[in-house]
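Trainee: First, the structure itself, so that you have it in front of you.
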Amino acid sequence: MAGNAAVIAVCGHEAAYGAALEGHPGPDVDIVPNGRALFRAVAARLRRGERVVVVPMTLGREPGLVADAARTLRAVPEAGRGAVLLAEPFGTAQHLVAWLRAASGRVPADSALLLAAPSGDPFEDAELHRVAALVRRYGSHDLVEVAFDGGDPAPADGVRRCALLGAERVALLPASFAAVGPGGAGPVPVADAGPLVPGPALRRVLDERVADAHRRWDEQGDDGITTGLAAADHHGHAHTHPPGEGHGHSHGQEHGQAHGHPHEHGPGTGHRHHHPPSAAGADLGIRSIA
């Protein structure tokens with residue numbers, strides 16, 4: 001898989017800090033949590049004279065992982081120009097919607113879908129609610145709920161909610177790399193609908209991210225680190241301007257965004273605005289989704 005470079009998969013809570021991926025990408029991929037472990041893994045590869053490509057293993061709910069990984073890579077003293085490349089994240093929220101829709105095709109339409117993932121910060125958990133709404137809107141299941149391992153609602157509570165809403169059976173579908181159990185016996189039968197991304201598909205997407213990182217460096221001289229630093233700039237999806245603070249600003253390429261549009265806010269206009277991906281583009285990914 002690594003080709004002419006070492007590949008390091010850096011993991012956060014979506015991959016149980018690496019535990020959920022052990023044995024899946026293949027023996028030639030280092031699997032590490034961010035921070036000191038990533039720093040040491042990159043430095044060790046560089047000391048052996050290897051080029052390194054780091055792939056953030058997020059499915060779109062953990063933009064802070066990308067930014068934190070970029071900061072870690074900037075701190076590696078042995079990293080010369082082009083010696084370390086930061087790939088695009090494994091997946092985006094759009095990918096996650098598409099993967100969940102594909103996986104839900106294995107579940108009978110009369111079963112409720114319970115999308116379960118490790119809990120993150122409030123905005124990451126809110127993102128899963130948005131993803132679930134898109135899965136329901138563009139899928140074949142009338143009931144799509146969410147649950148969080150270590151959060152609220154817990155998987156057992158999610159199963160009970162599905163039962164209260166009329167479900168006679170529930171399919172527990174992981175919305176992360178990490179498997180999440182139902183948390184004990186429930187009022188209705190619960191089936192495991194995972195994994196979200198099977199091993200062969202995981203390896204194929206990882207290969208694509210690595211190849212794209214090489215191509216971006218060869219064609220543009222871009223190691224991905226500067227772009228990665230801005231990955232979490234708009235995490236939270238909205239911001240508030242209190243009354244009396246009129247100003248103008250632009251959301252554009254300086255933050256690595258795909259759109260740029262300056263707009264003015266006059267004095268005395270408190271409001272919120274946000275820029276989510278369009279629902280119509282929910283199935284479109286950077287490249288492969290499987």
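Ordering of the structure tokens sets the chain letters (A, B, ...), residue numbers begin anew at 1 in every chain, and ligands are numbered from 1 in the order given.
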Using only C-alpha atoms, determine which residues lie at most 12 Å from A:Ala75, disregarding the query and same-chain residues fewer than 4 positions distant; provide the list as a list in words.
Mentor: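 So, after excluding close chain neighbours, the residues are Gly35, Arg36, Leu38, Phe39, Arg40, Val42, Ala43, Asp68, Ala69, Ala70, Arg71, Ala79, Gly80, Val84 and Ile225 of chain A.
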Trainee: DSSP on the backbone, helix (DSSP H, G or I) only: what residues of stretch 56-186 of chain A does that give? Format it as an mmCIF file with all heavy atoms, in the first residue's frame.
Mentor:
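Listing of part01.cif after writing:
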```
data_model
loop_
_atom_site.group_PDB
_atom_site.id
_atom_site.type_symbol
_atom_site.label_atom_id
_atom_site.label_comp_id
_atom_site.auth_asym_id
_atom_site.auth_seq_id
_atom_site.Cartn_x
_atom_site.Cartn_y
_atom_site.Cartn_z
ATOM 1 N N PRO A 63 -13.120 17.317 12.544
ATOM 2 C CA PRO A 63 -12.176 18.188 11.837
ATOM 3 C C PRO A 63 -10.981 18.588 12.695
ATOM 4 O O PRO A 63 -9.907 18.886 12.175
ATOM 5 C CB PRO A 63 -13.029 19.408 11.474
ATOM 6 C CG PRO A 63 -14.149 19.403 12.466
ATOM 7 C CD PRO A 63 -14.440 17.951 12.709
ATOM 8 N N GLY A 64 -11.153 18.588 14.009
ATOM 9 C CA GLY A 64 -10.035 18.918 14.873
ATOM 10 C C GLY A 64 -8.889 17.940 14.757
ATOM 11 O O GLY A 64 -7.723 18.302 14.994
ATOM 12 N N LEU A 65 -9.184 16.691 14.384
ATOM 13 C CA LEU A 65 -8.114 15.708 14.203
ATOM 14 C C LEU A 65 -7.177 16.131 13.087
ATOM 15 O O LEU A 65 -5.955 15.989 13.193
ATOM 16 C CB LEU A 65 -8.722 14.330 13.883
ATOM 17 C CG LEU A 65 -7.719 13.227 13.544
ATOM 18 C CD1 LEU A 65 -6.850 12.887 14.757
ATOM 19 C CD2 LEU A 65 -8.459 11.972 13.043
ATOM 20 N N VAL A 66 -7.729 16.663 12.000
ATOM 21 C CA VAL A 66 -6.910 17.099 10.863
ATOM 22 C C VAL A 66 -6.016 18.261 11.269
ATOM 23 O O VAL A 66 -4.807 18.262 11.011
ATOM 24 C CB VAL A 66 -7.802 17.489 9.673
ATOM 25 C CG1 VAL A 66 -6.942 17.891 8.471
ATOM 26 C CG2 VAL A 66 -8.745 16.344 9.295
ATOM 27 N N ALA A 67 -6.609 19.254 11.922
ATOM 28 C CA ALA A 67 -5.838 20.426 12.343
ATOM 29 C C ALA A 67 -4.773 20.061 13.369
ATOM 30 O O ALA A 67 -3.637 20.547 13.308
ATOM 31 C CB ALA A 67 -6.780 21.491 12.905
ATOM 32 N N ASP A 68 -5.126 19.205 14.316
ATOM 33 C CA ASP A 68 -4.154 18.800 15.328
ATOM 34 C C ASP A 68 -3.005 18.005 14.714
ATOM 35 O O ASP A 68 -1.845 18.161 15.102
ATOM 36 C CB ASP A 68 -4.835 17.962 16.410
ATOM 37 C CG ASP A 68 -5.741 18.792 17.308
ATOM 38 O OD1 ASP A 68 -5.623 20.040 17.278
ATOM 39 O OD2 ASP A 68 -6.570 18.200 18.016
ATOM 40 N N ALA A 69 -3.327 17.138 13.746
ATOM 41 C CA ALA A 69 -2.271 16.378 13.074
ATOM 42 C C ALA A 69 -1.335 17.318 12.323
ATOM 43 O O ALA A 69 -0.109 17.128 12.328
ATOM 44 C CB ALA A 69 -2.895 15.361 12.127
ATOM 45 N N ALA A 70 -1.899 18.334 11.663
ATOM 46 C CA ALA A 70 -1.062 19.296 10.938
ATOM 47 C C ALA A 70 -0.122 20.012 11.891
ATOM 48 O O ALA A 70 1.070 20.219 11.582
ATOM 49 C CB ALA A 70 -1.941 20.302 10.195
ATOM 50 N N ARG A 71 -0.621 20.396 13.060
ATOM 51 C CA ARG A 71 0.247 21.064 14.035
ATOM 52 C C ARG A 71 1.355 20.128 14.523
ATOM 53 O O ARG A 71 2.504 20.551 14.714
ATOM 54 C CB ARG A 71 -0.594 21.562 15.214
ATOM 55 C CG ARG A 71 -1.390 22.827 14.897
ATOM 56 C CD ARG A 71 -2.016 23.412 16.134
ATOM 57 N NE ARG A 71 -3.177 22.646 16.563
ATOM 58 C CZ ARG A 71 -4.419 22.886 16.155
ATOM 59 N NH1 ARG A 71 -4.659 23.867 15.297
ATOM 60 N NH2 ARG A 71 -5.431 22.161 16.594
ATOM 61 N N THR A 72 1.016 18.870 14.718
ATOM 62 C CA THR A 72 2.033 17.903 15.145
ATOM 63 C C THR A 72 3.114 17.752 14.080
ATOM 64 O O THR A 72 4.315 17.723 14.392
ATOM 65 C CB THR A 72 1.383 16.537 15.427
ATOM 66 O OG1 THR A 72 0.440 16.674 16.489
ATOM 67 C CG2 THR A 72 2.429 15.503 15.824
ATOM 68 N N LEU A 73 2.703 17.668 12.820
ATOM 69 C CA LEU A 73 3.683 17.481 11.740
ATOM 70 C C LEU A 73 4.593 18.691 11.595
ATOM 71 O O LEU A 73 5.780 18.554 11.271
ATOM 72 C CB LEU A 73 2.950 17.188 10.426
ATOM 73 C CG LEU A 73 2.120 15.899 10.405
ATOM 74 C CD1 LEU A 73 1.460 15.707 9.044
ATOM 75 C CD2 LEU A 73 2.967 14.701 10.760
ATOM 76 N N ARG A 74 4.065 19.872 11.826
ATOM 77 C CA ARG A 74 4.897 21.082 11.747
ATOM 78 C C ARG A 74 5.980 21.089 12.826
ATOM 79 O O ARG A 74 7.003 21.752 12.677
ATOM 80 C CB ARG A 74 4.035 22.333 11.888
ATOM 81 C CG ARG A 74 3.187 22.646 10.673
ATOM 82 C CD ARG A 74 2.545 24.010 10.781
ATOM 83 N NE ARG A 74 3.504 25.090 10.673
ATOM 84 C CZ ARG A 74 3.183 26.378 10.705
ATOM 85 N NH1 ARG A 74 1.918 26.728 10.874
ATOM 86 N NH2 ARG A 74 4.093 27.302 10.594
ATOM 87 N N ALA A 93 -18.206 14.411 5.779
ATOM 88 C CA ALA A 93 -19.593 14.154 6.165
ATOM 89 C C ALA A 93 -20.413 13.670 4.971
ATOM 90 O O ALA A 93 -21.321 12.845 5.124
ATOM 91 C CB ALA A 93 -20.211 15.416 6.761
ATOM 92 N N GLN A 94 -20.079 14.167 3.772
ATOM 93 C CA GLN A 94 -20.781 13.701 2.571
ATOM 94 C C GLN A 94 -20.495 12.222 2.318
ATOM 95 O O GLN A 94 -21.386 11.450 1.950
ATOM 96 C CB GLN A 94 -20.376 14.539 1.351
ATOM 97 C CG GLN A 94 -20.944 15.937 1.364
ATOM 98 C CD GLN A 94 -20.052 16.914 2.105
ATOM 99 O OE1 GLN A 94 -19.118 16.514 2.820
ATOM 100 N NE2 GLN A 94 -20.314 18.195 1.952
ATOM 101 N N HIS A 95 -19.218 11.832 2.500
ATOM 102 C CA HIS A 95 -18.889 10.410 2.387
ATOM 103 C C HIS A 95 -19.679 9.597 3.408
ATOM 104 O O HIS A 95 -20.196 8.522 3.110
ATOM 105 C CB HIS A 95 -17.394 10.189 2.652
ATOM 106 C CG HIS A 95 -16.489 10.621 1.551
ATOM 107 N ND1 HIS A 95 -15.574 11.631 1.699
ATOM 108 C CD2 HIS A 95 -16.341 10.180 0.283
ATOM 109 C CE1 HIS A 95 -14.895 11.776 0.580
ATOM 110 N NE2 HIS A 95 -15.349 10.919 -0.299
ATOM 111 N N LEU A 96 -19.743 10.114 4.643
ATOM 112 C CA LEU A 96 -20.417 9.374 5.705
ATOM 113 C C LEU A 96 -21.880 9.130 5.350
ATOM 114 O O LEU A 96 -22.401 8.021 5.559
ATOM 115 C CB LEU A 96 -20.302 10.150 7.019
ATOM 116 C CG LEU A 96 -20.941 9.513 8.252
ATOM 117 C CD1 LEU A 96 -20.395 8.121 8.502
ATOM 118 C CD2 LEU A 96 -20.731 10.400 9.482
ATOM 119 N N VAL A 97 -22.547 10.136 4.816
ATOM 120 C CA VAL A 97 -23.937 9.946 4.389
ATOM 121 C C VAL A 97 -24.025 8.839 3.345
ATOM 122 O O VAL A 97 -24.874 7.944 3.423
ATOM 123 C CB VAL A 97 -24.519 11.258 3.827
ATOM 124 C CG1 VAL A 97 -25.893 11.007 3.194
ATOM 125 C CG2 VAL A 97 -24.640 12.310 4.923
ATOM 126 N N ALA A 98 -23.132 8.878 2.373
ATOM 127 C CA ALA A 98 -23.177 7.887 1.298
ATOM 128 C C ALA A 98 -22.857 6.486 1.814
ATOM 129 O O ALA A 98 -23.503 5.505 1.422
ATOM 130 C CB ALA A 98 -22.198 8.282 0.195
ATOM 131 N N TRP A 99 -21.849 6.375 2.680
ATOM 132 C CA TRP A 99 -21.519 5.059 3.246
ATOM 133 C C TRP A 99 -22.672 4.513 4.083
ATOM 134 O O TRP A 99 -22.981 3.320 4.029
ATOM 135 C CB TRP A 99 -20.254 5.152 4.094
ATOM 136 C CG TRP A 99 -18.984 5.064 3.305
ATOM 137 C CD1 TRP A 99 -18.705 4.213 2.284
ATOM 138 C CD2 TRP A 99 -17.811 5.877 3.470
ATOM 139 N NE1 TRP A 99 -17.433 4.438 1.797
ATOM 140 C CE2 TRP A 99 -16.869 5.447 2.511
ATOM 141 C CE3 TRP A 99 -17.480 6.918 4.337
ATOM 142 C CZ2 TRP A 99 -15.606 6.027 2.397
ATOM 143 C CZ3 TRP A 99 -16.220 7.497 4.229
ATOM 144 C CH2 TRP A 99 -15.292 7.052 3.266
ATOM 145 N N LEU A 100 -23.305 5.369 4.865
ATOM 146 C CA LEU A 100 -24.435 4.922 5.674
ATOM 147 C C LEU A 100 -25.617 4.501 4.801
ATOM 148 O O LEU A 100 -26.290 3.502 5.089
ATOM 149 C CB LEU A 100 -24.860 6.036 6.639
ATOM 150 C CG LEU A 100 -23.908 6.276 7.817
ATOM 151 C CD1 LEU A 100 -24.250 7.585 8.518
ATOM 152 C CD2 LEU A 100 -23.958 5.113 8.802
ATOM 153 N N ARG A 101 -25.853 5.239 3.744
ATOM 154 C CA ARG A 101 -26.934 4.850 2.836
ATOM 155 C C ARG A 101 -26.641 3.507 2.192
ATOM 156 O O ARG A 101 -27.537 2.656 2.051
ATOM 157 C CB ARG A 101 -27.141 5.915 1.756
ATOM 158 C CG ARG A 101 -27.846 7.177 2.250
ATOM 159 C CD ARG A 101 -28.225 8.051 1.074
ATOM 160 N NE ARG A 101 -29.101 7.350 0.166
ATOM 161 C CZ ARG A 101 -29.261 7.663 -1.127
ATOM 162 N NH1 ARG A 101 -28.589 8.678 -1.640
ATOM 163 N NH2 ARG A 101 -30.088 6.981 -1.879
ATOM 164 N N ALA A 102 -25.381 3.302 1.795
ATOM 165 C CA ALA A 102 -25.004 2.022 1.179
ATOM 166 C C ALA A 102 -25.173 0.878 2.178
ATOM 167 O O ALA A 102 -25.717 -0.186 1.857
ATOM 168 C CB ALA A 102 -23.579 2.087 0.667
ATOM 169 N N ALA A 103 -24.710 1.102 3.419
ATOM 170 C CA ALA A 103 -24.830 0.066 4.440
ATOM 171 C C ALA A 103 -26.282 -0.192 4.803
ATOM 172 O O ALA A 103 -26.665 -1.336 5.091
ATOM 173 C CB ALA A 103 -24.037 0.471 5.678
ATOM 174 N N SER A 104 -27.110 0.847 4.777
ATOM 175 C CA SER A 104 -28.518 0.664 5.137
ATOM 176 C C SER A 104 -29.252 -0.194 4.113
ATOM 177 O O SER A 104 -30.320 -0.733 4.418
ATOM 178 C CB SER A 104 -29.213 2.018 5.277
ATOM 179 O OG SER A 104 -29.376 2.661 4.005
ATOM 180 N N PRO A 122 -19.937 18.780 21.379
ATOM 181 C CA PRO A 122 -21.346 19.018 21.025
ATOM 182 C C PRO A 122 -21.570 19.229 19.536
ATOM 183 O O PRO A 122 -22.610 18.816 19.000
ATOM 184 C CB PRO A 122 -21.701 20.271 21.833
ATOM 185 C CG PRO A 122 -20.783 20.239 23.006
ATOM 186 C CD PRO A 122 -19.504 19.671 22.485
ATOM 187 N N PHE A 123 -20.636 19.883 18.847
ATOM 188 C CA PHE A 123 -20.828 20.123 17.424
ATOM 189 C C PHE A 123 -20.651 18.840 16.616
ATOM 190 O O PHE A 123 -21.343 18.621 15.624
ATOM 191 C CB PHE A 123 -19.866 21.207 16.940
ATOM 192 C CG PHE A 123 -20.139 22.550 17.548
ATOM 193 C CD1 PHE A 123 -19.259 23.097 18.462
ATOM 194 C CD2 PHE A 123 -21.276 23.263 17.224
ATOM 195 C CE1 PHE A 123 -19.500 24.333 19.037
ATOM 196 C CE2 PHE A 123 -21.540 24.495 17.789
ATOM 197 C CZ PHE A 123 -20.649 25.040 18.704
ATOM 198 N N GLU A 124 -19.702 17.988 17.028
ATOM 199 C CA GLU A 124 -19.527 16.712 16.346
ATOM 200 C C GLU A 124 -20.762 15.837 16.516
ATOM 201 O O GLU A 124 -21.198 15.164 15.562
ATOM 202 C CB GLU A 124 -18.284 16.004 16.890
ATOM 203 C CG GLU A 124 -16.986 16.699 16.521
ATOM 204 C CD GLU A 124 -15.791 16.164 17.276
ATOM 205 O OE1 GLU A 124 -15.964 15.261 18.118
ATOM 206 O OE2 GLU A 124 -14.673 16.646 17.008
ATOM 207 N N ASP A 125 -21.344 15.835 17.709
ATOM 208 C CA ASP A 125 -22.553 15.046 17.923
ATOM 209 C C ASP A 125 -23.739 15.627 17.159
ATOM 210 O O ASP A 125 -24.561 14.887 16.615
ATOM 211 C CB ASP A 125 -22.867 14.972 19.418
ATOM 212 C CG ASP A 125 -21.854 14.118 20.181
ATOM 213 O OD1 ASP A 125 -20.966 13.524 19.539
ATOM 214 O OD2 ASP A 125 -21.940 14.072 21.428
ATOM 215 N N ALA A 126 -23.813 16.956 17.089
ATOM 216 C CA ALA A 126 -24.878 17.575 16.297
ATOM 217 C C ALA A 126 -24.742 17.218 14.821
ATOM 218 O O ALA A 126 -25.746 17.049 14.117
ATOM 219 C CB ALA A 126 -24.854 19.098 16.485
ATOM 220 N N GLU A 127 -23.510 17.088 14.356
ATOM 221 C CA GLU A 127 -23.291 16.720 12.962
ATOM 222 C C GLU A 127 -23.880 15.349 12.644
ATOM 223 O O GLU A 127 -24.423 15.129 11.558
ATOM 224 C CB GLU A 127 -21.793 16.735 12.644
ATOM 225 C CG GLU A 127 -21.434 16.335 11.224
ATOM 226 C CD GLU A 127 -21.846 17.351 10.167
ATOM 227 O OE1 GLU A 127 -22.441 18.396 10.518
ATOM 228 O OE2 GLU A 127 -21.570 17.096 8.979
ATOM 229 N N LEU A 128 -23.810 14.427 13.594
ATOM 230 C CA LEU A 128 -24.386 13.108 13.338
ATOM 231 C C LEU A 128 -25.909 13.197 13.219
ATOM 232 O O LEU A 128 -26.512 12.465 12.420
ATOM 233 C CB LEU A 128 -23.996 12.117 14.442
ATOM 234 C CG LEU A 128 -24.426 10.674 14.184
ATOM 235 C CD1 LEU A 128 -23.866 10.154 12.860
ATOM 236 C CD2 LEU A 128 -23.993 9.764 15.331
ATOM 237 N N HIS A 129 -26.537 14.077 13.965
ATOM 238 C CA HIS A 129 -27.984 14.280 13.801
ATOM 239 C C HIS A 129 -28.291 14.785 12.394
ATOM 240 O O HIS A 129 -29.275 14.364 11.771
ATOM 241 C CB HIS A 129 -28.499 15.272 14.844
ATOM 242 C CG HIS A 129 -28.642 14.695 16.218
ATOM 243 N ND1 HIS A 129 -29.747 13.979 16.612
ATOM 244 C CD2 HIS A 129 -27.801 14.723 17.289
ATOM 245 C CE1 HIS A 129 -29.608 13.600 17.876
ATOM 246 N NE2 HIS A 129 -28.444 14.035 18.311
ATOM 247 N N ARG A 130 -27.459 15.703 11.884
ATOM 248 C CA ARG A 130 -27.664 16.207 10.526
ATOM 249 C C ARG A 130 -27.477 15.090 9.502
ATOM 250 O O ARG A 130 -28.263 14.947 8.551
ATOM 251 C CB ARG A 130 -26.684 17.346 10.231
ATOM 252 C CG ARG A 130 -26.943 18.056 8.903
ATOM 253 C CD ARG A 130 -25.846 19.063 8.603
ATOM 254 N NE ARG A 130 -24.612 18.393 8.213
ATOM 255 C CZ ARG A 130 -24.340 18.003 6.967
ATOM 256 N NH1 ARG A 130 -25.222 18.197 5.996
ATOM 257 N NH2 ARG A 130 -23.201 17.427 6.688
ATOM 258 N N VAL A 131 -26.439 14.289 9.704
ATOM 259 C CA VAL A 131 -26.180 13.160 8.807
ATOM 260 C C VAL A 131 -27.365 12.196 8.819
ATOM 261 O O VAL A 131 -27.813 11.724 7.760
ATOM 262 C CB VAL A 131 -24.877 12.446 9.229
ATOM 263 C CG1 VAL A 131 -24.759 11.080 8.547
ATOM 264 C CG2 VAL A 131 -23.662 13.306 8.881
ATOM 265 N N ALA A 132 -27.898 11.907 10.007
ATOM 266 C CA ALA A 132 -29.033 10.989 10.106
ATOM 267 C C ALA A 132 -30.248 11.524 9.351
ATOM 268 O O ALA A 132 -30.976 10.761 8.708
ATOM 269 C CB ALA A 132 -29.378 10.752 11.575
ATOM 270 N N ALA A 133 -30.449 12.837 9.420
ATOM 271 C CA ALA A 133 -31.581 13.430 8.699
ATOM 272 C C ALA A 133 -31.429 13.227 7.192
ATOM 273 O O ALA A 133 -32.415 12.970 6.490
ATOM 274 C CB ALA A 133 -31.691 14.913 9.038
ATOM 275 N N LEU A 134 -30.198 13.336 6.693
ATOM 276 C CA LEU A 134 -29.969 13.134 5.262
ATOM 277 C C LEU A 134 -30.119 11.661 4.879
ATOM 278 O O LEU A 134 -30.652 11.333 3.812
ATOM 279 C CB LEU A 134 -28.580 13.634 4.880
ATOM 280 C CG LEU A 134 -28.396 15.149 4.922
ATOM 281 C CD1 LEU A 134 -26.931 15.513 4.702
ATOM 282 C CD2 LEU A 134 -29.273 15.841 3.890
ATOM 283 N N VAL A 135 -29.661 10.760 5.734
ATOM 284 C CA VAL A 135 -29.824 9.330 5.471
ATOM 285 C C VAL A 135 -31.312 8.985 5.391
ATOM 286 O O VAL A 135 -31.747 8.238 4.510
ATOM 287 C CB VAL A 135 -29.127 8.492 6.560
ATOM 288 C CG1 VAL A 135 -29.464 7.006 6.411
ATOM 289 C CG2 VAL A 135 -27.613 8.690 6.498
ATOM 290 N N ARG A 136 -32.107 9.550 6.289
ATOM 291 C CA ARG A 136 -33.546 9.291 6.253
ATOM 292 C C ARG A 136 -34.190 9.930 5.020
ATOM 293 O O ARG A 136 -35.006 9.299 4.340
ATOM 294 C CB ARG A 136 -34.215 9.845 7.521
ATOM 295 C CG ARG A 136 -35.720 9.605 7.566
ATOM 296 C CD ARG A 136 -36.334 10.170 8.842
ATOM 297 N NE ARG A 136 -37.766 9.906 8.899
ATOM 298 C CZ ARG A 136 -38.691 10.633 8.307
ATOM 299 N NH1 ARG A 136 -38.329 11.700 7.588
ATOM 300 N NH2 ARG A 136 -39.953 10.314 8.401
ATOM 301 N N ARG A 137 -33.776 11.170 4.710
ATOM 302 C CA ARG A 137 -34.385 11.892 3.588
ATOM 303 C C ARG A 137 -34.106 11.189 2.271
ATOM 304 O O ARG A 137 -34.993 11.122 1.398
ATOM 305 C CB ARG A 137 -33.834 13.324 3.562
ATOM 306 C CG ARG A 137 -34.222 14.131 2.332
ATOM 307 C CD ARG A 137 -35.709 14.409 2.284
ATOM 308 N NE ARG A 137 -36.070 15.234 1.160
ATOM 309 C CZ ARG A 137 -36.216 14.782 -0.094
ATOM 310 N NH1 ARG A 137 -36.038 13.495 -0.365
ATOM 311 N NH2 ARG A 137 -36.564 15.609 -1.068
ATOM 312 N N TYR A 138 -32.934 10.649 2.083
ATOM 313 C CA TYR A 138 -32.556 10.061 0.796
ATOM 314 C C TYR A 138 -32.484 8.535 0.841
ATOM 315 O O TYR A 138 -31.995 7.917 -0.100
ATOM 316 C CB TYR A 138 -31.218 10.638 0.336
ATOM 317 C CG TYR A 138 -31.303 12.109 0.040
ATOM 318 C CD1 TYR A 138 -30.805 13.054 0.929
ATOM 319 C CD2 TYR A 138 -31.931 12.568 -1.126
ATOM 320 C CE1 TYR A 138 -30.911 14.410 0.672
ATOM 321 C CE2 TYR A 138 -32.043 13.922 -1.391
ATOM 322 C CZ TYR A 138 -31.536 14.835 -0.492
ATOM 323 O OH TYR A 138 -31.645 16.180 -0.745
ATOM 324 N N PRO A 155 -26.576 4.049 23.443
ATOM 325 C CA PRO A 155 -27.195 3.086 22.524
ATOM 326 C C PRO A 155 -28.444 2.416 23.089
ATOM 327 O O PRO A 155 -29.445 2.263 22.375
ATOM 328 C CB PRO A 155 -26.062 2.080 22.285
ATOM 329 C CG PRO A 155 -24.819 2.909 22.403
ATOM 330 C CD PRO A 155 -25.114 3.876 23.514
ATOM 331 N N ALA A 156 -28.415 2.029 24.373
ATOM 332 C CA ALA A 156 -29.601 1.388 24.952
ATOM 333 C C ALA A 156 -30.789 2.339 24.947
ATOM 334 O O ALA A 156 -31.937 1.929 24.684
ATOM 335 C CB ALA A 156 -29.298 0.925 26.378
ATOM 336 N N ASP A 157 -30.540 3.610 25.231
ATOM 337 C CA ASP A 157 -31.620 4.597 25.191
ATOM 338 C C ASP A 157 -32.122 4.797 23.767
ATOM 339 O O ASP A 157 -33.325 5.023 23.548
ATOM 340 C CB ASP A 157 -31.138 5.930 25.763
ATOM 341 C CG ASP A 157 -30.800 5.844 27.243
ATOM 342 O OD1 ASP A 157 -31.450 5.040 27.940
ATOM 343 O OD2 ASP A 157 -29.888 6.566 27.687
ATOM 344 N N GLY A 158 -31.205 4.740 22.799
ATOM 345 C CA GLY A 158 -31.610 4.871 21.408
ATOM 346 C C GLY A 158 -32.512 3.732 20.970
ATOM 347 O O GLY A 158 -33.493 3.943 20.236
ATOM 348 N N VAL A 159 -32.195 2.514 21.422
ATOM 349 C CA VAL A 159 -33.047 1.357 21.100
ATOM 350 C C VAL A 159 -34.434 1.554 21.707
ATOM 351 O O VAL A 159 -35.458 1.326 21.054
ATOM 352 C CB VAL A 159 -32.410 0.058 21.615
ATOM 353 C CG1 VAL A 159 -33.383 -1.115 21.456
ATOM 354 C CG2 VAL A 159 -31.110 -0.239 20.847
ATOM 355 N N ARG A 160 -34.476 1.984 22.973
ATOM 356 C CA ARG A 160 -35.782 2.203 23.622
ATOM 357 C C ARG A 160 -36.578 3.286 22.907
ATOM 358 O O ARG A 160 -37.798 3.179 22.767
ATOM 359 C CB ARG A 160 -35.560 2.562 25.092
ATOM 360 C CG ARG A 160 -35.194 1.371 25.975
ATOM 361 C CD ARG A 160 -35.266 1.720 27.443
ATOM 362 N NE ARG A 160 -34.170 2.580 27.837
ATOM 363 C CZ ARG A 160 -32.993 2.131 28.273
ATOM 364 N NH1 ARG A 160 -32.770 0.821 28.337
ATOM 365 N NH2 ARG A 160 -32.054 2.975 28.640
ATOM 366 N N ARG A 161 -35.893 4.331 22.440
ATOM 367 C CA ARG A 161 -36.599 5.392 21.719
ATOM 368 C C ARG A 161 -37.207 4.838 20.427
ATOM 369 O O ARG A 161 -38.357 5.156 20.091
ATOM 370 C CB ARG A 161 -35.659 6.552 21.405
ATOM 371 C CG ARG A 161 -36.295 7.628 20.549
ATOM 372 C CD ARG A 161 -35.398 8.854 20.397
ATOM 373 N NE ARG A 161 -35.910 9.775 19.406
ATOM 374 C CZ ARG A 161 -36.923 10.612 19.605
ATOM 375 N NH1 ARG A 161 -37.534 10.646 20.777
ATOM 376 N NH2 ARG A 161 -37.333 11.423 18.648
ATOM 377 N N CYS A 162 -36.441 4.030 19.709
ATOM 378 C CA CYS A 162 -36.973 3.435 18.477
ATOM 379 C C CYS A 162 -38.214 2.602 18.771
ATOM 380 O O CYS A 162 -39.208 2.652 18.029
ATOM 381 C CB CYS A 162 -35.907 2.567 17.809
ATOM 382 S SG CYS A 162 -34.542 3.495 17.079
ATOM 383 N N ALA A 163 -38.169 1.834 19.877
ATOM 384 C CA ALA A 163 -39.325 1.014 20.250
ATOM 385 C C ALA A 163 -40.525 1.889 20.587
ATOM 386 O O ALA A 163 -41.666 1.597 20.185
ATOM 387 C CB ALA A 163 -38.966 0.113 21.422
ATOM 388 N N LEU A 164 -40.302 2.969 21.322
ATOM 389 C CA LEU A 164 -41.394 3.874 21.679
ATOM 390 C C LEU A 164 -42.007 4.522 20.448
ATOM 391 O O LEU A 164 -43.202 4.863 20.438
ATOM 392 C CB LEU A 164 -40.896 4.959 22.640
ATOM 393 C CG LEU A 164 -40.583 4.499 24.065
ATOM 394 C CD1 LEU A 164 -39.907 5.616 24.847
ATOM 395 C CD2 LEU A 164 -41.861 4.049 24.773
#
```
Trainee: Rounded to one decimal place, report the atom CA of A:Pro108-atom CA of A:Gly181 distance in Å.
Mentor: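 Separation between atom CA of A:Pro108 and atom CA of A:Gly181: 19.5 Å.
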Trainee: Work out how far apart atom CA of A:Ala213 and atom CA of A:Leu229 are and give it in Å to one decimal.
Mentor: 15.7 Å
Trainee: Quote the spacing between atom CA of A:Arg203 and atom CA of A:Gly26 in Å to one decimal place.
Mentor: 7.7 Å
Trainee: Excluding stretch 167-179 of chain A and its own-chain neighbours fewer than 4 positions away, which residues fall within 7 Å of it when counting only C-alpha atoms? Please give them as a PyMOL selection string.
Mentor: chain A and resi 14-16+20+59+107+111-117+159+162-163+188-196
Trainee: Identify all residues of stretch 126-208 of chain A in strand (DSSP E or B) (DSSP on the backbone) and supply them as a count of residues only.
Mentor: 14
Trainee: Just the residues within 7 Å of A:Pro118, please, counting only C-alpha atoms, with nothing from its chain fewer than 5 positions along; format it as a PyMOL selection string.
Mentor: chain A and resi 13-14+148-150
